[in-house]
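Notes follow the structure.
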Amino acid sequence: MSRAINGALSRRRRKKVLKMAKGYRSARSRAFQKAREAVEHGLCYAYRDRKARKRDFRKLWIARINAAVRAKGMTYSKFMFGLKKANVQVNRKVLSEMAIHHESSFLSLMETAKGQLAAS
């Protein structure tokens with residue numbers, strides 16, 4: 001009996017990997033073995049960095065809120081604590097956008113937080 005090498009599926013698998021490696025330099029885009037290594041690393045980095053992106057944006061939003069709040073003579077932690085006591089549920093992304101684009105609304109939130117801190 002002749003040996004079954006399953007050529008069509010093997011070729012399809014290799015073509016898929018080489019298609020994913022398109023744009024890589026040198027042998028990484030042409031040689032299957034190097035392309036597979038590069039693609040696997042790339043997929044690992046993509047998975048890892050989808051998680052890291054969320055952390056990075058949260059850090060950016062906190063830095064923006066902190067800068068806006070400190071310019072008005074308050075700290076980030078006191079501001080967030082005041083909002084929590086006032087039962088204001090606005091996430092950090094929206095707060096940072098308000099600090100940049102809607103300063104009057106942000107200042108009213110700051111006053112709310114200050115009022116709650118003074119009341120306790």
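As shown in the structure tokens, the chain order sets the letters A, B, ...; within each chain, residues go from 1, and ligands are also counted from 1 in the order they appear.
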Exercise. So which residues of segment 25-103 of chain A fall under helix (DSSP H, G or I) by DSSP, listed as a PyMOL selection string?
Worked result: chain A and resi 26-29+32-71+76-85+92-101+103
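Candidate residues A:Met110, A:Val88, A:Ala38, A:Leu95 were compared for distance to Arg58 of chain A, and the nearest is A:Leu95, using only C-alpha atoms.
For the choices A:Val39, A:Asn6, A:Leu109, A:Arg11, the atom-to-atom distance to Tyr24 of chain A is smallest for A:Val39 when using only C-alpha atoms.
Our summary of the geometry notes that atom CA of Val69 of chain A is positioned 15.7 Å from atom CA of Gln116 of chain A.
Closest approach to Lys84 of chain A among A:Ser96, A:Lys114, A:Ala71, A:Ala63: A:Lys114, based on only C-alpha atoms.
All residues of protein, DNA or RNA that reach within 12 Å of Met74 of chain A, judged by only C-alpha atoms and not counting those fewer than 4 positions away in the chain, are Ile65, Asn66, Ala67, Ala68, Val69, Arg70, Lys78, Phe79, Met80, Phe81, Gly82, Leu107, Met110, Glu111, Ala113, Lys114 and Leu117 of chain A.
Proximity of A:Gly42, A:Arg14, A:Arg53, A:Met1 to Arg30 of chain A, computed with only C-alpha atoms, is greatest for A:Arg14.
Going from atom CA of Arg12 of chain A over to atom CA of His41 of chain A, you cover 20.5 Å.
Relative to atom CA of Ala31 of chain A, atom CA of Arg48 of chain A is found at 25.6 Å.
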Exercise. Using only C-alpha atoms, which of A:Ile62, A:Arg50, A:Ser10, A:Glu37 sits nearest Ala99 of chain A?
Worked result: A:Ile62
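In this comparison, which uses only C-alpha atoms, the residue of A:Tyr76, A:Thr112, A:Lys59, A:Arg28 approaching Lys93 of chain A most closely is A:Lys59.
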